[in-house]
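These notes concern the structure reproduced below.
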Number of protein chains: 2
Amino acid sequence: MGKVTIDNKTSVYPMPAFLIGANVDGKPNFMTAAWSGIAGGEPPVVTVGIRPTRYTLKGIRQNMTFSVNVPSVDLVKEADYCGIESGSKIDKVAVCKFKVFYGKLETAPLIEQCPVNLECRVMHMLDVGSHILVVGRIEEVYASEECLTDGKPDVDKIKPITYVTDPARHYQALGEYIGKAFGIGLELRS
Amino acid sequence: MGKVTIDNKTSVYPMPAFLIGANVDGKPNFMTAAWSGIAGGEPPVVTVGIRPTRYTLKGIRQNMTFSVNVPSVDLVKEADYCGIESGSKIDKVAVCKFKVFYGKLETAPLIEQCPVNLECRVMHMLDVGSHILVVGRIEEVYASEECLTDGKPDVDKIKPITYVTDPARHYQALGEYIGKAFGIGLELRS
């Protein structure tokens, strides 16, 4: 099996498609982010890489709070739209008809239509070159009641979006079940 | 649409399932990580959250290099196994029959069977509580020739694994195509 080097050096699979929220000059705004992930568990920590010029980052700096909203496949147009337009010119909340609510932090806007919402407080902002890595403590997580089974989030009801990077640049739903975690690997134990 | 708060505060969807590699005391070892993501583009930067007690972290500290390997669904047993056992007790490379190769950094072990491999040099190690957030510059990316179309990575051949967190704790393949990025959202433009 031969290997070749790849020009696009951020080629990992899968990537998420999240909507990052912040209040900018007192008004809610959202941007799409695939460059995000969990960093730690106790406390719960999430990261998101954001270009310094982004309007959303201005709001994160103003309040030192932000949100990570997990859209479902039903919101794929809205999720994509928020990565195309800038909140400096367009009221994306109005165009997308997002119903915004606030939680305990009071300044991190959350999208009611997104099945899962993380409310975060900035812990660190790390300059990594083209992007600022915003490291946030997850203060609260909200889920839509209709996406729960036995009171817990159900991925089959959440129907999250995966972003597939260059050269494909498209979104896919989750697919076939392929095994239990901390389970299927036990078959390799001798 | 009602909202409830969720106990598991790292509930985001989707998460990846990567194999993080490091040479520990001169021998290659791999651990599974779902808490990983891209942080920046120029330079390309990746993060991974690792508990301080993990054997792999010892190797990352020794060489200040590591790898991020993207397994395909065909490697789901191996990907899961590397999250169950510790390299301090088990030679996971031998059990999983991984063919290991090295790239330009020389000390970051890469898995030949994984369709995509990122070779990384540590930029920062940030203490975020229970985990160390390892922030790495991606120095090179390798892809298996058989997973390319027109010389570029093809997700349909890579067949990456998605980890679905608690309470499901399982792996899923990617599924249905749901739209073009920087494309489907344009329909919302007035």
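By order in the structure tokens, chains are A, B, ...; within a chain, residues start at 1; ligands start at 1, following the order shown.
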
**Prompt:** So which residues touch Gly40 (chain A) within 12 Å, counting only C-alpha atoms, skipping near sequence neighbours fewer than 4 positions away, as JSON, numbers by chain?
**Reply:** {"A": [44, 45, 46, 47, 135, 136, 137, 138], "B": [9, 10, 11, 33, 34, 35, 36, 47, 48, 49, 50, 51, 52, 126, 127, 128, 129, 130, 131, 132, 133, 134]}

**Asked** Asp25 (chain A): which residues within 10 Å, counting only C-alpha atoms, same-chain residues fewer than 6 positions away excluded, as JSON, numbers by chain?
**Response** {"A": [58, 59, 62, 63]}

**Computed interatomic separation between CA of Glu106 (chain B) and CA of Phe30 (chain B) (Å)** =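 CA of Phe30 (chain B) lies at a distance of 15.9 Å from CA of Glu106 (chain B).
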
**Asked** Where in chain B does DSSP assign helix (DSSP H, G or I), given as number ranges by chain?
**Response** B: 55-63, 73-81, 92-96, 145-147, 155-158, 184-188

File of the preceding selection, C-alpha atoms, as a compact mmCIF listing (two decimals), in the first residue's frame:
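Just written: out-v8.txt:
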```txt
# COMPACT_ATOMS: atom_id res chain seq x y z
CA TYR B 55 1.29 6.28 28.19
CA THR B 56 1.09 7.97 24.78
CA LEU B 57 1.54 11.39 26.40
CA LYS B 58 4.83 10.19 27.87
CA GLY B 59 6.07 9.57 24.34
CA ILE B 60 4.77 12.90 23.06
CA ARG B 61 6.74 14.65 25.82
CA GLN B 62 9.88 12.64 25.00
CA ASN B 63 9.97 13.59 21.32
CA VAL B 73 -14.44 1.42 9.17
CA ASP B 74 -12.43 -1.70 8.29
CA LEU B 75 -10.18 -0.88 11.27
CA VAL B 76 -12.96 -0.31 13.80
CA LYS B 77 -11.86 -3.21 16.02
CA GLU B 78 -8.28 -1.94 16.10
CA ALA B 79 -9.41 1.65 16.66
CA ASP B 80 -11.52 0.57 19.61
CA TYR B 81 -8.87 -1.77 21.02
CA LYS B 92 -0.77 -2.69 20.69
CA VAL B 93 1.13 -2.47 17.40
CA ALA B 94 1.73 -6.23 17.53
CA VAL B 95 -1.84 -7.11 18.55
CA CYS B 96 -3.34 -4.86 15.88
CA GLU B 145 -2.88 5.76 -2.88
CA GLU B 146 -5.88 3.45 -2.99
CA CYS B 147 -7.98 6.11 -1.21
CA VAL B 155 -13.99 10.21 1.57
CA ASP B 156 -15.94 7.37 -0.03
CA LYS B 157 -12.71 5.36 -0.16
CA ILE B 158 -11.39 6.57 3.20
CA ILE B 184 -26.72 24.76 -0.22
CA GLY B 185 -26.92 27.76 2.13
CA LEU B 186 -27.05 30.16 -0.81
CA GLU B 187 -30.71 29.18 -1.22
CA LEU B 188 -31.45 31.34 1.83
```

**Request:** Taking the chain letters and numbering used in this document, name the residues of region 71-138 of chain B that DSSP puts in strand (DSSP E), as number ranges by chain.
**Result:** B: 100-102, 109-111, 116-127, 132-138

**Message:** For Ala143 (chain A), find every residue with an atom within 8 Å (counting only C-alpha atoms), except residues of its own chain fewer than 5 positions away, and show them as a ChimeraX atom specification.
**Reply:** /A:115-117,148,153 /B:3-6

**Message:** My list of candidates is B:Ile90, B:Cys82, B:Val70, B:Ala17. Which is closest to Gln113 (chain B) when distances are computed with only C-alpha atoms?
**Reply:**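 Closest candidate: B:Val70.
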
**Message:** I'd like the neighbourhood of Ile20 (chain A) as JSON, numbers by chain, where a residue qualifies if any of its atoms comes within 7 Å (using only C-alpha atoms), though same-chain residues fewer than 2 positions away should be ignored.
**Reply:** {"A": [18, 22, 30, 31, 32, 33, 66, 67, 68, 69]}

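Counting only C-alpha atoms, the residue from A:Arg189, A:Lys159, A:His170, A:Lys97 that sits nearest to chain B is A:His170.
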
**Asked** Of the candidates B:Lys104, B:Lys27, B:Arg169, B:His124, which one gets nearest to chain A if we count only C-alpha atoms?
**Response**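 Result for the nearest residue to chain A: B:Arg169.
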
**Prompt:** Which of these residues is nearest to chain A, using only C-alpha atoms: B:Gly37, B:Pro109, B:Asp150, B:Ser88?
**Reply:**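 Among the listed residues, B:Gly37 lies closest to chain A.
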
**Request:** Go through A:Met15, A:Val141, A:Val164, A:Met123 and flag the residue nearest Tyr102 (chain A), using only C-alpha atoms for the distances.
**Result:**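 Nearest to Tyr102 (chain A): A:Val141.
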
**Prompt:** In Å to one decimal, how far is CA of Gly179 (chain A) from CA of Ala39 (chain A)?
**Reply:**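 Calculated distance between CA of Ala39 (chain A) and CA of Gly179 (chain A) is 24.0 Å.
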